[in-house]
$ cat target_32.csv   # CSV, C-alpha atoms
chain,number,residue,atom,x,y,z
A,1,MET,CA,-9.6,30.8,-1.4
A,2,THR,CA,-8.3,30.6,2.2
A,3,LEU,CA,-4.9,29.4,0.8
A,4,ALA,CA,-4.8,32.5,-1.5
A,5,ILE,CA,-5.4,34.8,1.5
A,6,LEU,CA,-2.8,33.1,3.6
A,7,PHE,CA,-0.2,33.1,0.8
A,8,ALA,CA,-1.0,36.8,0.0
A,9,PHE,CA,-0.5,37.9,3.6
A,10,ALA,CA,2.8,35.9,3.7
A,11,SER,CA,4.0,37.5,0.5
A,12,ALA,CA,3.3,41.0,1.9
A,13,THR,CA,5.0,40.3,5.2
A,14,LEU,CA,8.1,38.9,3.5
A,15,LEU,CA,8.2,41.8,1.0
A,16,GLY,CA,7.9,44.3,3.9
A,17,ALA,CA,10.6,42.6,5.8
A,18,ALA,CA,12.9,42.7,2.7
A,19,VAL,CA,12.6,46.5,2.5
A,20,VAL,CA,14.0,46.7,6.1
A,21,THR,CA,16.9,44.3,5.5
A,22,ALA,CA,17.8,46.1,2.3
A,23,GLN,CA,18.2,49.3,4.2
A,24,LEU,CA,20.7,47.5,6.4
A,25,GLY,CA,22.6,46.3,3.3
A,26,LEU,CA,22.6,49.7,1.7
A,27,ARG,CA,24.7,51.0,4.6
A,28,THR,CA,27.8,49.4,3.0
A,29,VAL,CA,26.8,48.3,-0.6
A,30,GLU,CA,25.6,50.4,-3.5
A,31,PRO,CA,22.1,49.5,-4.8
A,32,LEU,CA,22.9,47.9,-8.1
A,33,SER,CA,25.6,45.7,-6.6
A,34,GLY,CA,23.1,44.8,-3.9
A,35,ALA,CA,20.8,43.5,-6.7
A,36,ALA,CA,23.6,41.4,-8.0
A,37,ILE,CA,23.9,39.8,-4.6
A,38,SER,CA,20.2,39.5,-3.6
A,39,VAL,CA,18.6,37.9,-6.6
A,40,PRO,CA,21.3,35.2,-7.2
A,41,SER,CA,21.3,34.4,-3.5
A,42,PHE,CA,17.8,33.1,-3.6
A,43,THR,CA,18.4,31.4,-6.9
A,44,VAL,CA,21.3,29.4,-5.5
A,45,LEU,CA,19.3,28.4,-2.4
A,46,PHE,CA,16.4,27.3,-4.6
A,47,LEU,CA,18.7,25.3,-6.9
A,48,LEU,CA,20.2,23.6,-3.9
A,49,LEU,CA,16.8,22.7,-2.5
A,50,SER,CA,15.2,21.8,-5.8
A,51,PRO,CA,15.9,18.1,-5.7
A,52,LEU,CA,13.7,18.0,-2.6
A,53,ILE,CA,11.0,20.6,-3.2
A,54,LEU,CA,10.6,19.8,-6.9
A,55,ALA,CA,10.3,16.1,-6.5
A,56,GLY,CA,7.1,15.0,-8.0
A,57,GLU,CA,6.5,18.3,-9.8
A,58,PRO,CA,5.9,17.5,-13.5
A,59,VAL,CA,7.6,19.5,-16.2
A,60,VAL,CA,5.3,21.2,-18.8
A,61,TRP,CA,7.6,22.5,-21.6
A,62,ARG,CA,4.8,24.6,-23.1
A,63,GLY,CA,4.9,26.8,-20.0
A,64,LEU,CA,8.7,27.3,-20.0
A,65,PRO,CA,8.8,30.3,-22.5
A,66,ILE,CA,6.2,32.1,-20.4
A,67,PHE,CA,8.1,31.8,-17.1
A,68,MET,CA,11.4,32.7,-18.8
A,69,ALA,CA,9.8,35.8,-20.3
A,70,ILE,CA,8.4,36.8,-16.8
A,71,GLY,CA,11.9,36.3,-15.3
A,72,LEU,CA,13.4,38.9,-17.6
A,73,PHE,CA,11.3,41.5,-15.9
A,74,PHE,CA,10.4,40.2,-12.5
A,75,PRO,CA,12.2,40.5,-10.2
A,76,ALA,CA,15.3,41.7,-12.2
A,77,SER,CA,13.9,44.7,-14.1
A,78,LEU,CA,11.7,45.6,-11.1
A,79,THR,CA,14.7,45.6,-8.8
A,80,LEU,CA,16.8,47.7,-11.1
A,81,LEU,CA,14.0,50.2,-11.7
A,82,THR,CA,13.3,50.5,-8.0
A,83,PHE,CA,17.0,51.1,-7.2
A,84,ALA,CA,17.3,53.7,-10.0
A,85,SER,CA,14.2,55.4,-8.8
A,86,ASN,CA,15.5,55.6,-5.3
A,87,ARG,CA,18.7,57.2,-6.6
A,88,ALA,CA,16.9,59.7,-8.8
A,89,LEU,CA,13.8,60.5,-6.7
A,90,GLY,CA,14.4,59.2,-3.3
A,91,PRO,CA,12.4,56.6,-1.3
A,92,VAL,CA,9.3,58.8,-0.8
A,93,ILE,CA,8.1,59.2,-4.4
A,94,THR,CA,9.4,55.7,-5.2
A,95,SER,CA,7.3,54.1,-2.5
A,96,THR,CA,4.3,56.2,-3.0
A,97,LEU,CA,4.0,55.6,-6.8
A,98,GLY,CA,5.0,51.9,-6.2
A,99,ASN,CA,1.8,51.5,-4.2
A,100,LEU,CA,-0.2,51.9,-7.5
A,101,ALA,CA,0.8,48.4,-8.5
A,102,PRO,CA,-2.5,46.8,-7.2
A,103,LEU,CA,-4.5,49.1,-9.4
A,104,PHE,CA,-2.6,47.9,-12.5
A,105,ALA,CA,-2.9,44.3,-11.3
A,106,VAL,CA,-6.7,44.4,-10.8
A,107,ALA,CA,-7.3,46.4,-14.0
A,108,LEU,CA,-5.4,43.8,-16.1
A,109,ALA,CA,-7.0,40.9,-14.3
A,110,VAL,CA,-10.5,42.3,-15.2
A,111,VAL,CA,-9.5,43.0,-18.8
A,112,LEU,CA,-7.3,40.0,-19.5
A,113,LEU,CA,-8.7,37.3,-17.2
A,114,HIS,CA,-12.3,38.5,-17.1
A,115,GLU,CA,-12.3,38.4,-13.3
A,116,PRO,CA,-15.4,39.9,-11.7
A,117,LEU,CA,-14.8,43.0,-9.6
A,118,HIS,CA,-17.6,43.8,-7.1
A,119,ALA,CA,-18.2,47.3,-5.7
A,120,MET,CA,-17.1,46.3,-2.2
A,121,GLN,CA,-13.8,44.9,-3.6
A,122,LEU,CA,-13.1,48.0,-5.6
A,123,ALA,CA,-13.8,50.2,-2.6
A,124,GLY,CA,-11.5,48.0,-0.5
A,125,LEU,CA,-8.8,48.2,-3.1
A,126,VAL,CA,-8.9,52.0,-3.2
A,127,LEU,CA,-8.8,52.3,0.6
A,128,ALA,CA,-5.9,49.9,0.9
A,129,VAL,CA,-3.9,51.8,-1.7
A,130,VAL,CA,-4.7,55.1,-0.2
A,131,GLY,CA,-3.7,53.8,3.2
A,132,ALA,CA,-0.4,52.5,1.9
A,133,VAL,CA,0.3,55.9,0.2
A,134,ILE,CA,-0.4,57.7,3.5
A,135,ILE,CA,1.9,55.5,5.4
A,136,THR,CA,4.8,56.0,3.0
A,137,VAL,CA,4.5,59.7,2.3
A,138,THR,CA,6.7,61.9,4.4
A,139,ARG,CA,7.5,65.6,4.7
A,140,PRO,CA,7.9,67.6,1.4
A,141,ARG,CA,11.6,68.5,2.3
A,142,ASP,CA,12.4,64.8,1.9
A,143,LEU,CA,11.6,64.8,-1.8
A,144,GLY,CA,14.9,66.3,-2.9
A,145,HIS,CA,15.6,67.5,-6.5
A,146,TRP,CA,14.4,65.5,-9.4
A,147,ARG,CA,13.4,65.8,-13.1
A,148,SER,CA,9.8,65.0,-14.2
A,149,TRP,CA,11.0,62.3,-16.6
A,150,ALA,CA,12.3,60.3,-13.7
A,151,LEU,CA,8.7,59.7,-12.6
A,152,LEU,CA,8.7,57.0,-15.3
A,153,LEU,CA,11.1,54.9,-13.2
A,154,PRO,CA,8.7,54.2,-10.2
A,155,LEU,CA,5.7,54.1,-12.5
A,156,GLY,CA,7.5,51.5,-14.6
A,157,GLY,CA,8.3,49.5,-11.5
A,158,ALA,CA,4.6,49.7,-10.3
A,159,LEU,CA,3.5,48.6,-13.8
A,160,ILE,CA,5.8,45.6,-13.7
A,161,ARG,CA,4.8,44.7,-10.2
A,162,GLY,CA,1.1,45.1,-11.2
A,163,VAL,CA,1.1,43.2,-14.5
A,164,THR,CA,3.2,40.3,-13.2
A,165,PRO,CA,0.5,38.5,-11.2
A,166,PRO,CA,-2.1,38.3,-14.0
A,167,ILE,CA,0.6,37.1,-16.5
A,168,VAL,CA,1.9,34.6,-13.9
A,169,LYS,CA,-1.7,33.3,-13.5
A,170,LEU,CA,-1.9,32.8,-17.3
A,171,GLY,CA,1.3,30.8,-17.2
A,172,LEU,CA,0.1,28.8,-14.3
A,173,GLU,CA,-2.9,27.7,-16.3
A,174,VAL,CA,-0.5,26.1,-18.7
A,175,TRP,CA,2.0,24.8,-16.1
A,176,PRO,CA,0.3,24.8,-12.6
A,177,SER,CA,3.5,24.9,-10.6
A,178,PRO,CA,4.4,28.0,-8.5
A,179,LEU,CA,7.6,26.3,-7.6
A,180,TRP,CA,8.8,25.9,-11.2
A,181,ALA,CA,7.5,29.3,-12.1
A,182,CYS,CA,9.5,31.0,-9.3
A,183,LEU,CA,12.7,29.0,-10.0
A,184,ILE,CA,12.7,29.6,-13.8
A,185,GLY,CA,11.9,33.3,-13.3
A,186,TYR,CA,14.7,33.7,-10.7
A,187,ILE,CA,17.3,32.0,-12.9
A,188,MET,CA,16.5,34.4,-15.7
A,189,SER,CA,16.5,37.4,-13.4
A,190,SER,CA,19.9,36.3,-12.0
A,191,LEU,CA,21.3,36.3,-15.5
A,192,VAL,CA,20.0,39.8,-16.0
A,193,VAL,CA,21.4,41.4,-12.8
A,194,LEU,CA,24.7,39.6,-13.2
A,195,ALA,CA,25.0,40.8,-16.7
A,196,VAL,CA,24.3,44.4,-15.6
A,197,GLU,CA,27.0,44.0,-12.9
A,198,ARG,CA,29.5,42.6,-15.4
A,199,ILE,CA,28.9,45.6,-17.7
A,200,ARG,CA,29.2,48.1,-14.9
A,201,LYS,CA,32.0,46.6,-12.9
A,202,GLY,CA,33.8,44.2,-15.2
A,203,SER,CA,33.0,41.3,-12.8
A,204,PHE,CA,30.0,39.1,-12.2
A,205,ILE,CA,30.6,39.0,-8.4
A,206,ALA,CA,29.7,42.2,-6.6
A,207,GLU,CA,32.5,43.7,-4.4
A,208,ALA,CA,31.1,44.4,-1.0
A,209,PRO,CA,31.9,44.0,2.7
A,210,ARG,CA,30.8,40.8,4.4
A,211,SER,CA,28.0,42.5,6.4
A,212,GLY,CA,26.6,44.1,3.2
A,213,ARG,CA,26.6,40.7,1.4
A,214,PHE,CA,24.9,39.1,4.3
A,215,TRP,CA,22.1,41.6,4.5
A,216,PHE,CA,21.5,41.6,0.8
A,217,ALA,CA,21.5,37.8,0.8
A,218,VAL,CA,18.9,37.9,3.5
A,219,THR,CA,17.0,40.5,1.4
A,220,GLY,CA,17.1,38.2,-1.6
A,221,ILE,CA,15.8,35.2,0.2
A,222,SER,CA,13.0,37.2,1.7
A,223,ASN,CA,12.1,38.7,-1.7
A,224,GLY,CA,12.3,35.3,-3.3
A,225,LEU,CA,10.0,33.7,-0.7
A,226,SER,CA,7.7,36.7,-1.2
A,227,ALA,CA,7.6,36.0,-5.0
A,228,LEU,CA,7.0,32.3,-4.4
A,229,THR,CA,4.1,32.9,-2.0
A,230,LEU,CA,2.7,35.5,-4.4
A,231,PHE,CA,2.8,32.9,-7.2
A,232,ALA,CA,1.1,30.4,-4.9
A,233,ALA,CA,-1.5,33.0,-4.0
A,234,VAL,CA,-2.5,33.8,-7.6
A,235,ARG,CA,-2.6,30.0,-8.3
A,236,ASN,CA,-5.2,29.6,-5.6
A,237,GLY,CA,-7.3,32.8,-5.9
A,238,PRO,CA,-8.3,35.7,-8.1
A,239,ILE,CA,-6.0,38.7,-8.6
A,240,ALA,CA,-8.8,41.0,-7.3
A,241,LEU,CA,-8.4,39.3,-3.9
A,242,VAL,CA,-4.6,38.9,-3.9
A,243,ALA,CA,-3.4,42.3,-5.2
A,244,PRO,CA,-5.1,44.4,-2.5
A,245,LEU,CA,-3.8,42.2,0.3
A,246,LEU,CA,-0.2,42.7,-1.0
A,247,ALA,CA,-0.7,46.5,-0.6
A,248,ILE,CA,-0.3,46.1,3.2
A,249,TYR,CA,3.5,45.5,2.9
A,250,PRO,CA,4.4,49.2,3.7
A,251,LEU,CA,2.6,48.6,7.0
A,252,VAL,CA,4.9,45.7,7.7
A,253,THR,CA,7.9,47.8,6.8
A,254,VAL,CA,7.0,50.6,9.1
A,255,ILE,CA,6.4,48.2,12.1
A,256,LEU,CA,9.7,46.4,11.5
A,257,SER,CA,11.6,49.7,10.9
A,258,ALA,CA,10.3,51.0,14.2
A,259,MET,CA,11.5,47.8,16.0
A,260,VAL,CA,14.8,47.2,14.2
A,261,LEU,CA,16.0,50.5,12.8
A,262,LYS,CA,14.7,52.7,15.6
A,263,HIS,CA,14.2,55.7,13.3
A,264,VAL,CA,10.4,55.4,12.6
A,265,ALA,CA,8.0,57.1,15.0
A,266,ILE,CA,4.4,56.0,15.1
A,267,THR,CA,2.6,59.3,14.2
A,268,PRO,CA,-1.1,60.1,13.7
A,269,ARG,CA,-0.4,59.9,9.9
A,270,ILE,CA,0.8,56.4,10.2
A,271,VAL,CA,-2.1,55.4,12.4
A,272,ALA,CA,-4.6,56.9,9.9
A,273,GLY,CA,-2.9,55.1,7.0
A,274,THR,CA,-3.0,51.9,9.0
A,275,VAL,CA,-6.7,52.2,9.7
A,276,LEU,CA,-7.5,52.8,6.1
A,277,THR,CA,-5.3,49.9,4.9
A,278,VAL,CA,-6.9,47.5,7.4
A,279,ALA,CA,-10.4,48.8,6.5
A,280,GLY,CA,-9.6,48.3,2.8
A,281,VAL,CA,-8.4,44.7,3.4
A,282,ALA,CA,-11.5,44.0,5.4
A,283,LEU,CA,-13.7,45.2,2.6
A,284,VAL,CA,-11.8,43.1,0.0
A,285,LEU,CA,-12.2,40.0,2.2
A,286,ALA,CA,-15.9,40.7,2.8
A,287,GLY,CA,-16.4,41.3,-0.9
$ encode --input "target_32.csv" --output "structure tokens"
Amino acid sequence: MTLAILFAFASATLLGAAVVTAQLGLRTVEPLSGAAISVPSFTVLFLLLSPLILAGEPVVWRGLPIFMAIGLFFPASLTLLTFASNRALGPVITSTLGNLAPLFAVALAVVLLHEPLHAMQLAGLVLAVVGAVIITVTRPRDLGHWRSWALLLPLGGALIRGVTPPIVKLGLEVWPSPLWACLIGYIMSSLVVLAVERIRKGSFIAEAPRSGRFWFAVTGISNGLSALTLFAAVRNGPIALVAPLLAIYPLVTVILSAMVLKHVAITPRIVAGTVLTVAGVALVLAG
């Protein structure tokens, strides 16, 4: 259980950091081309290191279709939906509705995996999600113009992010290797984003300035390590514990944005959201 907590915190930290580095990349690269850089970057790094890190990891062919199917949606479809939502709705609604992912994750874990959910854990989950929403919500004038159907984009992203951990856990029961699960998933996701880039631009390689490629490569590695530690967390603990801990990633993003991007002020709203998020995590851990 301790390993699950440590891996979950690591995953949230890496995910929060990736949001910041992606903002640096988006200064010079359009979002969809950024996806075609970030996802394959981690895949290539993983493949280069695989002779070392996969040594001694047995292959269970029965689990291969499960991890391949997961890779078609996570992180590829999640990345594309998030970028499309950012373009249609802006980061405010995208981030706010994206924070509903832990609710989907825990609900599916209770129904599909028959995980127990105690009252204290449920209260902590709700507090953590509410705190994350408060941290990400900004002034109404930031919302821009959007159509109601576009709300399906961030909700779809939240659904994918939420259902992935329980399905990964099912796959890990067949093939208990987070390393193989992550590598196979990322290979499939790389094929998806490169195919999208090929259809859009006529080339598999995204055209971008060197600085943009660098920051999206960093983003891809951070997101990839976040996915890997997430898989390790669900391998070592219940979804009802892991999912609420992942909800703290907006807090990491705000702190790093204030340090690196210099455009985030620590306001009473952010402090209140932080307090609720920390209190929710504390209740989850106590439960």
$ atom_distance --input "target_32.csv" --atom1 "CA of Ser177 (chain A)" --atom2 "CA of Leu241 (chain A)"
19.8 Å
$ atom_distance --input "target_32.csv" --atom1 "CA of Leu24 (chain A)" --atom2 "CA of Gly98 (chain A)"
20.6 Å
$ atom_distance --input "target_32.csv" --atom1 "CA of Pro58 (chain A)" --atom2 "CA of Leu179 (chain A)"
10.7 Å
$ residues_around --input "target_32.csv" --residues "Gly224 (chain A)" --least-positions-apart "3" --cutoff "8 Å" --atoms "all atoms listed in the file" --output "list of chain:residue names"
A:Val39, A:Phe42, A:Cys182, A:Tyr186, A:Gly220, A:Ile221, A:Ala227, A:Leu228
$ residues_near_point --input "target_32.csv" --point "(20.5, 47.5, 8.2)" --cutoff "9 Å" --atoms "all atoms listed in the file" --output "PyMOL selection string"
chain A and resi 20-27+212+215+260-261
$ residues_around --input "target_32.csv" --residues "region 12-14 of chain A" --least-positions-apart "2" --cutoff "10 Å" --atoms "only C-alpha atoms" --output "PDB file with C-alpha atoms, in the frame of the given file"
ATOM      1  CA  PHE A   7      -0.200  33.100   0.800  1.00  0.00           C
ATOM      2  CA  ALA A   8      -1.000  36.800   0.000  1.00  0.00           C
ATOM      3  CA  PHE A   9      -0.500  37.900   3.600  1.00  0.00           C
ATOM      4  CA  ALA A  10       2.800  35.900   3.700  1.00  0.00           C
ATOM      5  CA  GLY A  16       7.900  44.300   3.900  1.00  0.00           C
ATOM      6  CA  ALA A  17      10.600  42.600   5.800  1.00  0.00           C
ATOM      7  CA  ALA A  18      12.900  42.700   2.700  1.00  0.00           C
ATOM      8  CA  VAL A  19      12.600  46.500   2.500  1.00  0.00           C
ATOM      9  CA  THR A 219      17.000  40.500   1.400  1.00  0.00           C
ATOM     10  CA  ILE A 221      15.800  35.200   0.200  1.00  0.00           C
ATOM     11  CA  SER A 222      13.000  37.200   1.700  1.00  0.00           C
ATOM     12  CA  ASN A 223      12.100  38.700  -1.700  1.00  0.00           C
ATOM     13  CA  GLY A 224      12.300  35.300  -3.300  1.00  0.00           C
ATOM     14  CA  LEU A 225      10.000  33.700  -0.700  1.00  0.00           C
ATOM     15  CA  SER A 226       7.700  36.700  -1.200  1.00  0.00           C
ATOM     16  CA  ALA A 227       7.600  36.000  -5.000  1.00  0.00           C
ATOM     17  CA  THR A 229       4.100  32.900  -2.000  1.00  0.00           C
ATOM     18  CA  LEU A 230       2.700  35.500  -4.400  1.00  0.00           C
ATOM     19  CA  ALA A 243      -3.400  42.300  -5.200  1.00  0.00           C
ATOM     20  CA  LEU A 245      -3.800  42.200   0.300  1.00  0.00           C
ATOM     21  CA  LEU A 246      -0.200  42.700  -1.000  1.00  0.00           C
ATOM     22  CA  ALA A 247      -0.700  46.500  -0.600  1.00  0.00           C
ATOM     23  CA  ILE A 248      -0.300  46.100   3.200  1.00  0.00           C
ATOM     24  CA  TYR A 249       3.500  45.500   2.900  1.00  0.00           C
ATOM     25  CA  PRO A 250       4.400  49.200   3.700  1.00  0.00           C
ATOM     26  CA  LEU A 251       2.600  48.600   7.000  1.00  0.00           C
ATOM     27  CA  VAL A 252       4.900  45.700   7.700  1.00  0.00           C
ATOM     28  CA  THR A 253       7.900  47.800   6.800  1.00  0.00           C
ATOM     29  CA  LEU A 256       9.700  46.400  11.500  1.00  0.00           C
TER      30      LEU A 256
END
$ closest_residue --input "target_32.csv" --among "A:Ser190, A:Asn99, A:Thr28, A:Gln121" --to "Ser41 (chain A)" --atoms "all atoms listed in the file"
A:Ser190
$ closest_residue --input "target_32.csv" --among "A:Pro31, A:Gly162, A:Pro40, A:Pro65" --to "Ala240 (chain A)" --atoms "only C-alpha atoms"
A:Gly162
$ residues_around --input "target_32.csv" --residues "Ile53 (chain A)" --least-positions-apart "5" --cutoff "12 Å" --atoms "all atoms listed in the file" --output "ChimeraX atom specification"
/A:45-48,58,177-180,183
$ closest_residue --input "target_32.csv" --among "A:Asn236, A:Thr2, A:Ser85, A:Thr164" --to "Gly185 (chain A)" --atoms "all atoms listed in the file"
A:Thr164
$ closest_residue --input "target_32.csv" --among "A:Ala84, A:Ile184, A:Ile255, A:Ile167" --to "Phe104 (chain A)" --atoms "all atoms listed in the file"
A:Ile167
$ closest_residue --input "target_32.csv" --among "A:Thr43, A:Phe231, A:Ala69, A:Leu172" --to "Leu3 (chain A)" --atoms "all atoms listed in the file"
A:Phe231
$ residues_around --input "target_32.csv" --residues "region 194-201 of chain A" --least-positions-apart "6" --cutoff "8 Å" --atoms "only C-alpha atoms" --output "short mmCIF file (atom, residue, chain, number, x, y, z; two decimals) with C-alpha atoms, keeping the file's coordinate frame"
data_model
loop_
_atom_site.label_atom_id
_atom_site.label_comp_id
_atom_site.auth_asym_id
_atom_site.auth_seq_id
_atom_site.Cartn_x
_atom_site.Cartn_y
_atom_site.Cartn_z
CA LEU A 32 22.90 47.90 -8.10
CA SER A 33 25.60 45.70 -6.60
CA ALA A 36 23.60 41.40 -8.00
#
$ build_atoms --input "target_32.csv" --residues "region 240-268 of chain A" --atoms "N, CA and C atoms" --output "CSV table (one decimal), in the coordinates of the input"
chain,number,residue,atom,x,y,z
A,240,ALA,N,-8.0,40.0,-8.0
A,240,ALA,CA,-8.8,41.0,-7.3
A,240,ALA,C,-8.8,40.8,-5.8
A,241,LEU,N,-8.5,39.6,-5.4
A,241,LEU,CA,-8.4,39.3,-3.9
A,241,LEU,C,-6.9,39.5,-3.5
A,242,VAL,N,-6.0,38.9,-4.3
A,242,VAL,CA,-4.6,38.9,-3.9
A,242,VAL,C,-3.9,40.2,-3.9
A,243,ALA,N,-4.1,41.0,-5.0
A,243,ALA,CA,-3.4,42.3,-5.2
A,243,ALA,C,-3.6,43.3,-4.0
A,244,PRO,N,-4.9,43.5,-3.6
A,244,PRO,CA,-5.1,44.4,-2.5
A,244,PRO,C,-4.4,44.0,-1.2
A,245,LEU,N,-4.4,42.7,-1.0
A,245,LEU,CA,-3.8,42.2,0.3
A,245,LEU,C,-2.3,42.5,0.2
A,246,LEU,N,-1.6,42.4,-0.9
A,246,LEU,CA,-0.2,42.7,-1.0
A,246,LEU,C,0.1,44.2,-0.7
A,247,ALA,N,-0.9,45.0,-0.8
A,247,ALA,CA,-0.7,46.5,-0.6
A,247,ALA,C,-0.4,46.8,0.9
A,248,ILE,N,-0.5,45.8,1.8
A,248,ILE,CA,-0.3,46.1,3.2
A,248,ILE,C,1.2,46.0,3.5
A,249,TYR,N,2.1,45.7,2.5
A,249,TYR,CA,3.5,45.5,2.9
A,249,TYR,C,4.2,46.8,3.4
A,250,PRO,N,3.8,48.0,3.0
A,250,PRO,CA,4.4,49.2,3.7
A,250,PRO,C,4.1,49.2,5.2
A,251,LEU,N,2.9,48.7,5.6
A,251,LEU,CA,2.6,48.6,7.0
A,251,LEU,C,3.6,47.7,7.8
A,252,VAL,N,3.9,46.6,7.2
A,252,VAL,CA,4.9,45.7,7.7
A,252,VAL,C,6.3,46.4,7.8
A,253,THR,N,6.6,47.1,6.8
A,253,THR,CA,7.9,47.8,6.8
A,253,THR,C,8.0,48.8,7.9
A,254,VAL,N,6.9,49.6,8.1
A,254,VAL,CA,7.0,50.6,9.1
A,254,VAL,C,7.1,50.0,10.5
A,255,ILE,N,6.4,48.9,10.7
A,255,ILE,CA,6.4,48.2,12.1
A,255,ILE,C,7.8,47.7,12.3
A,256,LEU,N,8.4,47.0,11.3
A,256,LEU,CA,9.7,46.4,11.5
A,256,LEU,C,10.8,47.5,11.6
A,257,SER,N,10.6,48.6,10.9
A,257,SER,CA,11.6,49.7,10.9
A,257,SER,C,11.6,50.3,12.3
A,258,ALA,N,10.4,50.4,12.9
A,258,ALA,CA,10.3,51.0,14.2
A,258,ALA,C,11.0,50.1,15.3
A,259,MET,N,10.9,48.8,15.0
A,259,MET,CA,11.5,47.8,16.0
A,259,MET,C,13.0,47.6,15.8
A,260,VAL,N,13.4,47.6,14.5
A,260,VAL,CA,14.8,47.2,14.2
A,260,VAL,C,15.7,48.4,14.0
A,261,LEU,N,15.2,49.3,13.1
A,261,LEU,CA,16.0,50.5,12.8
A,261,LEU,C,15.9,51.7,13.7
A,262,LYS,N,14.9,51.7,14.5
A,262,LYS,CA,14.7,52.7,15.6
A,262,LYS,C,14.6,54.1,15.1
A,263,HIS,N,14.2,54.3,13.8
A,263,HIS,CA,14.2,55.7,13.3
A,263,HIS,C,12.8,56.0,12.8
A,264,VAL,N,11.8,55.2,13.1
A,264,VAL,CA,10.4,55.4,12.6
A,264,VAL,C,9.6,55.7,13.9
A,265,ALA,N,9.0,56.8,13.9
A,265,ALA,CA,8.0,57.1,15.0
A,265,ALA,C,6.6,56.9,14.6
A,266,ILE,N,5.8,56.3,15.5
A,266,ILE,CA,4.4,56.0,15.1
A,266,ILE,C,3.6,57.3,15.3
A,267,THR,N,3.3,58.0,14.2
A,267,THR,CA,2.6,59.3,14.2
A,267,THR,C,1.2,59.1,13.9
A,268,PRO,N,0.4,60.2,14.1
A,268,PRO,CA,-1.1,60.1,13.7
A,268,PRO,C,-1.3,59.8,12.2
